$ cat input_22.csv   # CSV, C-alpha atoms
chain,number,residue,atom,x,y,z
A,1,MET,CA,105.6,-145.4,16.6
A,2,ASN,CA,103.8,-143.8,13.6
A,3,ALA,CA,100.3,-145.2,13.2
A,4,ALA,CA,100.0,-144.3,9.5
A,5,PRO,CA,100.7,-147.8,8.2
A,6,ALA,CA,98.1,-149.3,10.5
A,7,LEU,CA,95.5,-146.7,9.6
A,8,LEU,CA,96.1,-147.2,5.9
A,9,GLY,CA,95.8,-150.9,6.3
A,10,TYR,CA,92.6,-150.5,8.3
A,11,ALA,CA,91.2,-148.1,5.6
A,12,ALA,CA,92.1,-150.7,2.9
A,13,ALA,CA,90.3,-153.4,4.9
A,14,VAL,CA,87.2,-151.3,5.3
A,15,GLY,CA,87.2,-149.9,1.7
A,16,PHE,CA,87.8,-153.2,0.0
A,17,GLY,CA,86.9,-156.0,2.4
A,18,GLY,CA,84.0,-154.4,4.2
A,19,PRO,CA,81.7,-154.4,1.2
A,20,ARG,CA,82.3,-158.0,0.4
A,21,LEU,CA,81.3,-159.1,3.9
A,22,LEU,CA,78.2,-156.9,4.0
A,23,LEU,CA,77.1,-158.0,0.5
A,24,ARG,CA,77.3,-161.6,1.5
A,25,SER,CA,75.3,-161.1,4.7
A,26,SER,CA,71.8,-162.7,4.9
A,27,TRP,CA,70.3,-160.2,7.2
A,28,SER,CA,70.6,-156.9,5.4
A,29,HIS,CA,67.4,-157.2,3.4
A,30,ARG,CA,65.5,-158.3,6.5
A,31,ALA,CA,66.7,-155.3,8.4
A,32,PRO,CA,67.2,-152.6,5.8
A,33,GLY,CA,67.4,-149.7,8.2
A,34,LEU,CA,70.2,-151.3,10.2
A,35,ALA,CA,72.0,-152.1,7.0
A,36,VAL,CA,71.9,-148.5,5.9
A,37,ALA,CA,73.4,-147.5,9.3
A,38,VAL,CA,76.2,-150.1,8.7
A,39,TRP,CA,77.0,-148.7,5.2
A,40,HIS,CA,77.2,-145.2,6.6
A,41,GLY,CA,79.2,-146.3,9.6
A,42,LEU,CA,81.8,-147.9,7.3
A,43,SER,CA,81.9,-144.8,5.2
A,44,VAL,CA,82.5,-142.6,8.2
A,45,SER,CA,85.1,-145.0,9.5
A,46,PHE,CA,87.0,-145.0,6.2
A,47,THR,CA,87.0,-141.2,6.1
A,48,VAL,CA,88.3,-140.8,9.7
A,49,ALA,CA,91.0,-143.4,9.0
A,50,VAL,CA,92.2,-141.6,5.9
A,51,ALA,CA,92.2,-138.2,7.7
A,52,LEU,CA,94.2,-139.6,10.6
A,53,ALA,CA,96.6,-141.4,8.3
A,54,ALA,CA,97.2,-138.1,6.5
A,55,TYR,CA,98.0,-136.5,9.9
A,56,HIS,CA,100.5,-139.2,10.9
A,57,LEU,CA,102.2,-139.2,7.5
A,58,ALA,CA,102.8,-135.5,7.9
A,59,THR,CA,103.9,-135.7,11.6
A,60,PRO,CA,107.3,-137.1,12.6
A,61,THR,CA,107.2,-139.5,15.5
A,62,GLU,CA,109.5,-137.3,17.6
A,63,HIS,CA,106.8,-134.6,17.7
A,64,LEU,CA,104.5,-136.8,19.8
A,65,HIS,CA,104.4,-136.4,23.5
A,66,ALA,CA,103.1,-138.5,26.4
A,67,GLY,CA,100.0,-138.0,28.4
A,68,LEU,CA,96.9,-136.1,27.4
A,69,ILE,CA,98.8,-133.6,25.2
A,70,GLY,CA,100.2,-136.6,23.3
A,71,LEU,CA,96.7,-138.0,22.8
A,72,LEU,CA,95.4,-134.7,21.5
A,73,HIS,CA,98.4,-134.2,19.3
A,74,SER,CA,98.3,-137.7,17.9
A,75,CYS,CA,94.6,-137.4,17.1
A,76,GLY,CA,95.3,-134.0,15.3
A,77,LEU,CA,93.3,-132.0,17.9
A,78,THR,CA,96.1,-129.6,18.9
A,79,ASN,CA,96.8,-126.5,16.9
A,80,ALA,CA,100.2,-126.8,15.3
A,81,THR,CA,100.2,-123.0,14.5
A,82,ALA,CA,100.1,-122.4,18.3
A,83,THR,CA,103.7,-123.5,18.6
A,84,PRO,CA,106.4,-120.8,18.6
A,85,ASN,CA,107.9,-121.9,15.3
A,86,PRO,CA,105.6,-124.1,13.4
A,87,THR,CA,107.3,-126.2,10.7
A,88,THR,CA,106.0,-127.3,7.4
A,89,ALA,CA,105.2,-130.7,8.9
A,90,ASP,CA,103.2,-129.0,11.7
A,91,ARG,CA,101.1,-127.1,9.1
A,92,LEU,CA,100.6,-130.2,7.0
A,93,ALA,CA,99.5,-132.1,10.0
A,94,ILE,CA,96.6,-129.8,10.4
A,95,THR,CA,95.7,-129.0,6.8
A,96,LEU,CA,95.8,-132.5,5.4
A,97,PRO,CA,93.3,-134.2,7.7
A,98,LEU,CA,91.1,-131.1,7.7
A,99,ALA,CA,91.1,-131.2,3.9
A,100,VAL,CA,89.9,-134.8,3.9
A,101,ILE,CA,87.1,-134.0,6.3
A,102,LEU,CA,86.1,-130.8,4.6
A,103,LEU,CA,86.1,-132.4,1.2
A,104,VAL,CA,83.6,-135.0,2.4
A,105,LEU,CA,81.4,-132.5,4.2
A,106,GLY,CA,81.6,-130.2,1.2
A,107,GLY,CA,80.6,-133.0,-1.1
A,108,PHE,CA,77.6,-133.8,1.0
A,109,ALA,CA,76.6,-130.1,1.0
A,110,TYR,CA,77.0,-130.0,-2.7
A,111,GLU,CA,74.8,-133.1,-3.3
A,112,VAL,CA,72.1,-131.7,-0.9
A,113,LEU,CA,72.0,-128.3,-2.7
A,114,ARG,CA,72.1,-129.8,-6.1
A,115,GLY,CA,69.2,-132.1,-5.4
A,116,ARG,CA,67.3,-129.3,-3.8
A,117,ARG,CA,67.7,-127.1,-6.9
A,118,ALA,CA,66.6,-129.9,-9.2
A,119,ARG,CA,63.6,-130.7,-7.1
A,120,SER,CA,62.7,-127.0,-6.9
A,121,ARG,CA,62.7,-126.7,-10.7
A,122,HIS,CA,60.6,-129.8,-11.0
A,123,ARG,CA,58.1,-128.4,-8.5
A,124,SER,CA,57.8,-125.2,-10.5
A,125,VAL,CA,56.9,-127.3,-13.6
A,126,LEU,CA,54.3,-129.3,-11.5
A,127,ASP,CA,52.7,-126.1,-10.4
A,128,MET,CA,52.0,-125.2,-14.0
A,129,VAL,CA,51.0,-128.6,-15.4
A,130,GLY,CA,49.7,-130.6,-12.4
A,131,ARG,CA,46.6,-130.3,-10.3
A,132,ARG,CA,46.5,-130.7,-6.6
A,133,ALA,CA,44.4,-133.5,-5.0
A,134,PRO,CA,43.9,-132.7,-1.3
A,135,HIS,CA,42.2,-136.0,-0.6
A,136,LEU,CA,45.3,-137.8,-1.8
A,137,ARG,CA,47.8,-135.3,-0.5
A,138,ALA,CA,49.4,-135.5,-3.9
A,139,THR,CA,49.7,-133.7,-7.3
A,140,ILE,CA,48.1,-135.4,-10.3
A,141,LEU,CA,49.9,-135.3,-13.5
A,142,GLU,CA,47.9,-135.8,-16.7
A,143,HIS,CA,49.9,-138.7,-18.2
A,144,ASP,CA,48.7,-142.0,-19.5
A,145,LEU,CA,51.8,-144.0,-18.3
A,146,PRO,CA,51.3,-145.2,-14.7
A,147,ALA,CA,53.8,-143.5,-12.5
A,148,ALA,CA,54.2,-142.3,-8.9
A,149,TYR,CA,57.1,-140.6,-7.2
A,150,CYS,CA,57.9,-138.1,-4.5
A,151,LEU,CA,60.1,-135.0,-4.3
A,152,PRO,CA,61.4,-135.0,-0.7
A,153,GLY,CA,63.0,-132.2,1.2
A,154,TYR,CA,61.8,-128.6,1.4
A,155,ASN,CA,58.1,-128.4,0.4
A,156,PRO,CA,57.8,-132.1,-0.4
A,157,ARG,CA,55.5,-133.3,-3.1
A,158,ILE,CA,54.0,-136.6,-4.1
A,159,VAL,CA,53.1,-137.0,-7.7
A,160,VAL,CA,50.7,-139.5,-9.3
A,161,SER,CA,49.9,-139.8,-12.9
A,162,ALA,CA,46.4,-140.0,-14.2
A,163,GLY,CA,47.3,-143.4,-15.7
A,164,ALA,CA,48.1,-144.7,-12.3
A,165,LEU,CA,44.8,-143.5,-10.9
A,166,ARG,CA,42.9,-145.4,-13.6
A,167,LEU,CA,45.0,-148.5,-13.3
A,168,LEU,CA,45.3,-149.0,-9.5
A,169,SER,CA,42.7,-150.1,-7.1
A,170,ALA,CA,42.0,-148.0,-4.0
A,171,GLU,CA,44.1,-150.3,-1.8
A,172,GLN,CA,47.0,-150.4,-4.3
A,173,LEU,CA,47.0,-146.6,-4.6
A,174,GLU,CA,47.1,-146.3,-0.8
A,175,ALA,CA,50.1,-148.7,-0.7
A,176,VAL,CA,51.9,-146.6,-3.3
A,177,LEU,CA,51.2,-143.3,-1.6
A,178,GLU,CA,52.3,-144.7,1.8
A,179,HIS,CA,55.5,-145.9,0.2
A,180,GLU,CA,56.2,-142.3,-1.0
A,181,ARG,CA,55.3,-140.8,2.3
A,182,ALA,CA,57.9,-143.0,4.0
A,183,HIS,CA,60.6,-141.5,1.8
A,184,ILE,CA,59.5,-138.0,2.8
A,185,ALA,CA,59.1,-138.7,6.5
A,186,GLY,CA,62.4,-140.5,6.7
A,187,ARG,CA,64.3,-137.8,4.9
A,188,HIS,CA,65.8,-140.5,2.7
A,189,HIS,CA,67.2,-137.9,0.3
A,190,LEU,CA,69.8,-137.0,3.0
A,191,ALA,CA,71.0,-140.6,3.5
A,192,LEU,CA,71.3,-141.0,-0.3
A,193,ALA,CA,73.1,-137.6,-0.7
A,194,ALA,CA,75.7,-138.8,1.9
A,195,THR,CA,76.5,-141.9,-0.1
A,196,GLN,CA,76.5,-140.0,-3.4
A,197,ALA,CA,79.0,-137.5,-2.0
A,198,PHE,CA,81.2,-140.3,-0.7
A,199,ALA,CA,81.1,-142.1,-4.1
A,200,ARG,CA,81.9,-138.9,-5.9
A,201,ILE,CA,85.0,-138.2,-3.7
A,202,PHE,CA,86.3,-141.7,-3.4
A,203,ARG,CA,85.5,-142.8,-7.0
A,204,GLY,CA,86.6,-146.3,-7.8
A,205,LEU,CA,86.6,-147.5,-4.1
A,206,PRO,CA,84.4,-150.6,-3.8
A,207,LEU,CA,82.9,-149.3,-0.5
A,208,ALA,CA,81.9,-146.0,-2.1
A,209,ARG,CA,80.3,-147.7,-5.1
A,210,HIS,CA,78.4,-150.4,-3.2
A,211,ALA,CA,77.3,-148.0,-0.4
A,212,LYS,CA,75.7,-145.8,-3.0
A,213,GLU,CA,74.0,-148.6,-4.8
A,214,GLN,CA,72.9,-150.6,-1.7
A,215,THR,CA,71.6,-147.5,0.2
A,216,ALA,CA,69.3,-146.7,-2.7
A,217,VAL,CA,67.9,-150.2,-2.7
A,218,LEU,CA,67.6,-150.4,1.1
A,219,LEU,CA,65.8,-147.1,1.3
A,220,GLU,CA,63.2,-148.4,-1.1
A,221,MET,CA,62.8,-151.5,1.1
A,222,ILE,CA,62.4,-149.3,4.2
A,223,ALA,CA,59.5,-147.5,2.4
A,224,ASP,CA,58.1,-150.8,1.3
A,225,ASP,CA,58.0,-152.0,4.9
A,226,ARG,CA,56.0,-148.9,5.9
A,227,ALA,CA,53.5,-149.5,3.1
A,228,LEU,CA,53.2,-153.1,4.3
A,229,ARG,CA,51.9,-151.9,7.7
A,230,ARG,CA,48.9,-150.5,5.9
A,231,GLN,CA,48.3,-152.9,3.1
A,232,PRO,CA,48.9,-156.7,2.6
A,233,SER,CA,51.9,-157.8,0.7
A,234,ASP,CA,50.0,-159.0,-2.4
A,235,VAL,CA,48.4,-155.5,-2.7
A,236,LEU,CA,51.8,-153.8,-2.7
A,237,ALA,CA,53.3,-156.4,-5.0
A,238,THR,CA,50.6,-156.0,-7.6
A,239,ALA,CA,50.9,-152.2,-7.4
A,240,MET,CA,54.6,-152.4,-7.9
A,241,TYR,CA,54.1,-154.7,-10.9
A,242,GLU,CA,51.6,-152.3,-12.5
A,243,MET,CA,54.0,-149.4,-11.9
A,244,ALA,CA,57.1,-151.1,-13.0
A,245,ALA,CA,57.2,-149.2,-16.3
A,246,GLY,CA,56.8,-145.8,-14.7
A,247,LYS,CA,59.7,-143.4,-14.6
A,248,ALA,CA,60.7,-140.7,-12.2
A,249,PRO,CA,62.8,-137.6,-12.6
A,250,ALA,CA,66.3,-137.4,-11.1
A,251,ASP,CA,66.5,-136.8,-7.4
A,252,ALA,CA,63.0,-138.3,-6.9
A,253,PHE,CA,62.0,-141.6,-5.3
A,254,ALA,CA,59.7,-143.9,-7.2
A,255,VAL,CA,57.8,-147.0,-6.2
A,256,GLY,CA,59.1,-148.8,-9.3
A,257,GLY,CA,62.6,-148.4,-10.6
A,258,PRO,CA,65.5,-150.7,-11.2
A,259,SER,CA,65.3,-152.4,-7.8
A,260,ALA,CA,61.6,-153.4,-8.3
A,261,LEU,CA,62.4,-157.0,-9.1
A,262,ILE,CA,64.5,-157.6,-6.0
A,263,ARG,CA,61.9,-155.9,-3.8
A,264,LEU,CA,59.1,-157.9,-5.3
A,265,ARG,CA,60.8,-161.1,-4.4
A,266,ARG,CA,61.4,-159.8,-0.9
A,267,ILE,CA,57.8,-158.7,-0.5
A,268,LEU,CA,56.4,-162.0,-1.7
A,269,THR,CA,58.8,-164.2,0.3
A,270,PRO,CA,58.0,-164.4,4.0
A,271,GLN,CA,60.5,-162.3,5.9
A,272,GLN,CA,61.6,-162.9,9.4
A,273,ARG,CA,63.5,-160.1,11.2
A,274,PRO,CA,66.9,-161.1,12.4
A,275,HIS,CA,67.1,-162.3,16.0
A,276,ILE,CA,67.3,-159.4,18.5
A,277,ALA,CA,70.8,-160.6,19.5
A,278,ILE,CA,72.0,-160.2,15.9
A,279,ARG,CA,70.3,-156.8,15.5
A,280,GLY,CA,71.9,-155.7,18.7
A,281,SER,CA,75.4,-156.9,17.7
A,282,VAL,CA,75.1,-155.3,14.3
A,283,ALA,CA,73.9,-152.0,15.8
A,284,ALA,CA,76.9,-152.1,18.2
A,285,VAL,CA,79.2,-152.6,15.3
A,286,ALA,CA,77.7,-149.7,13.3
A,287,LEU,CA,78.3,-147.4,16.3
A,288,ALA,CA,81.7,-148.7,17.1
A,289,VAL,CA,83.2,-148.9,13.6
A,290,PRO,CA,83.7,-145.1,13.3
A,291,VAL,CA,85.6,-145.1,16.6
A,292,ILE,CA,88.1,-147.8,15.6
A,293,PRO,CA,90.4,-145.4,13.6
A,294,LEU,CA,90.6,-143.1,16.6
A,295,LEU,CA,91.8,-146.1,18.7
A,296,VAL,CA,94.3,-147.2,16.1
A,297,GLY,CA,95.6,-143.6,15.5
A,298,CYS,CA,95.6,-142.2,19.0
A,299,VAL,CA,96.1,-144.9,21.6
A,300,PRO,CA,99.3,-146.5,20.3
A,301,SER,CA,100.9,-143.1,20.1
A,302,ILE,CA,100.7,-142.4,23.9
A,303,GLY,CA,103.5,-143.4,26.1
$ encode --input "input_22.csv" --output "C-alpha cells"
Amino acid sequence: MNAAPALLGYAAAVGFGGPRLLLRSSWSHRAPGLAVAVWHGLSVSFTVAVALAAYHLATPTEHLHAGLIGLLHSCGLTNATATPNPTTADRLAITLPLAVILLVLGGFAYEVLRGRRARSRHRSVLDMVGRRAPHLRATILEHDLPAAYCLPGYNPRIVVSAGALRLLSAEQLEAVLEHERAHIAGRHHLALAATQAFARIFRGLPLARHAKEQTAVLLEMIADDRALRRQPSDVLATAMYEMAAGKAPADAFAVGGPSALIRLRRILTPQQRPHIAIRGSVAAVALAVPVIPLLVGCVPSIG
C-alpha cells in the first residue's frame, strides 16, 4: 500500500488545521516558550511529511520489501543507486525527498547568513556614530527619539538612544536592557530565522504564515518574562509605553514594535502558568509530532 495519500492528508491537516487549533488555544501566551516549540514542531512535521510523500509518489508499491530492508526503503533511507540497474523511479525516490529537506535547510542557512550580514553592516555604522557605555553593557546612539534594540548573534550589541536614557527611570532602563539581553542569551534570531525560511519556501501555507508571525510575538513575550524577574510588571509596562514610538532596524529585536499592545495587556493582566499536566502534555505533543509522518510513511509499508 502506498502511503503517499495518507502523508499528503496529514500534511494538509498540519498545514491548514494545525494553526487554527493553536491560535485558539488559551495557554500559548501563558507559556510562550512551549508555544514556540509547538510551532517549530509542526513545521518540522509538515516538512518530513512532504518529503516522505514525495518519496512514496516516486516509488511504485512493488518495490517495497518486508522486514528491516522494507522499513529503510519505505522511509527513503536506502540508496537507490546501489541497486544493479536503478530506474528513474529509484533516482526520483532519492532526489525528491532530499530536495525538500535541502530546500528547507538551505533556506534556514540563507536567512541566518542574510541576517548576520545585515547586523554586521549595522554594527559597523554603530562603531562610527555610537559610543560604548560599559556600565550599561550597551551602545548609546545620539538620537532624541526613545529607542532600544539588540543585534543578536556574533558579536551581539544592545543599542539605547540618548532619548531613552533621558526619558526612562533607572528601573525602567534596567527592565528594557534585561529584555534585550534575553533575546541575545536565548539566540532568538535562530528561532526566528527558521520560521522565516519556512514561510519563504512554503509561501501561502497558513502554518508558515502564522508560525512566522506568532514566533516573533512569542519571542518578545519570552524576553518580557525574563525582564519581569528583575523588575515589577508596572515598571516594564510603563517602559514599553514610553518606548512604543521607537523603531529598530531590520533583523534586530526591539522592546516596542507592533506586538507591544498585546504584550502590554499580557503584562498588566495577572498570568497563571498552565497546569503542569497541560505543560507536560503539550511538550510531549511538540516532541511527538515530527515523528508522526515517519509512522504514517514507514510502518504501514512493512509486511
$ residues_around --input "input_22.csv" --residues "stretch 128-136 of chain A" --least-positions-apart "5" --cutoff "12 Å" --atoms "only C-alpha atoms" --output "PyMOL selection string"
chain A and resi 121-123+141-143+157-162+165+170+173-178+180-181
$ atom_distance --input "input_22.csv" --atom1 "atom CA of A:Arg187" --atom2 "atom CA of A:Pro32"
15.1 Å
$ closest_residue --input "input_22.csv" --among "A:Ala4, A:Ala193, A:Leu218, A:Ala254" --to "A:Phe108" --atoms "all atoms listed in the file"
A:Ala193
$ closest_residue --input "input_22.csv" --among "A:Ala31, A:Pro232, A:Leu57, A:Val36" --to "A:Pro5" --atoms "all atoms listed in the file"
A:Leu57
$ closest_residue --input "input_22.csv" --among "A:Leu236, A:Ala286, A:Ala248, A:Cys298" --to "A:Cys150" --atoms "all atoms listed in the file"
A:Ala248
$ closest_residue --input "input_22.csv" --among "A:Arg166, A:Arg266, A:Arg24, A:His189" --to "A:Leu228" --atoms "only C-alpha atoms"
A:Arg266
$ residues_around --input "input_22.csv" --residues "A:Gly153" --least-positions-apart "4" --cutoff "12 Å" --atoms "only C-alpha atoms" --output "JSON, numbers by chain"
{"A": [112, 113, 114, 115, 116, 117, 118, 119, 120, 123, 157, 158, 181, 183, 184, 185, 186, 187, 188, 189, 190, 191, 193, 251, 252, 253]}
$ atom_distance --input "input_22.csv" --atom1 "atom CA of A:Ala182" --atom2 "atom CA of A:Tyr149"
11.5 Å
$ atom_distance --input "input_22.csv" --atom1 "atom CA of A:Arg209" --atom2 "atom CA of A:Gln196"
8.8 Å
$ closest_residue --input "input_22.csv" --among "A:Val38, A:Leu96, A:Leu167, A:Ile201" --to "A:Val14" --atoms "all atoms listed in the file"
A:Val38
$ closest_residue --input "input_22.csv" --among "A:Asp234, A:Ala6, A:Leu23, A:Arg203" --to "A:Ala35" --atoms "all atoms listed in the file"
A:Leu23
$ residues_around --input "input_22.csv" --residues "A:Val291" --least-positions-apart "3" --cutoff "10 Å" --atoms "all atoms listed in the file" --output "list in words"
Gly41, Val44, Ser45, Val48, Ala49, Val285, Ala286, Leu287, Ala288, Leu294, Leu295 and Val296 of chain A
$ residues_around --input "input_22.csv" --residues "A:Pro19" --least-positions-apart "5" --cutoff "7 Å" --atoms "all atoms listed in the file" --output "PDB file with C-alpha atoms, in the frame of the given file"
ATOM      1  CA  PRO A 206      84.400-150.600  -3.800  1.00  0.00           C
ATOM      2  CA  LEU A 207      82.900-149.300  -0.500  1.00  0.00           C
ATOM      3  CA  HIS A 210      78.400-150.400  -3.200  1.00  0.00           C
TER       4      HIS A 210
END
$ residues_near_point --input "input_22.csv" --point "(58.3, -162.9, 0.9)" --cutoff "12 Å" --atoms "only C-alpha atoms" --output "list in words"
His29, Arg30, Asp225, Leu228, Pro232, Ser233, Asp234, Leu236, Ala237, Ile262, Arg263, Leu264, Arg265, Arg266, Ile267, Leu268, Thr269, Pro270, Gln271, Gln272 and Arg273 of chain A
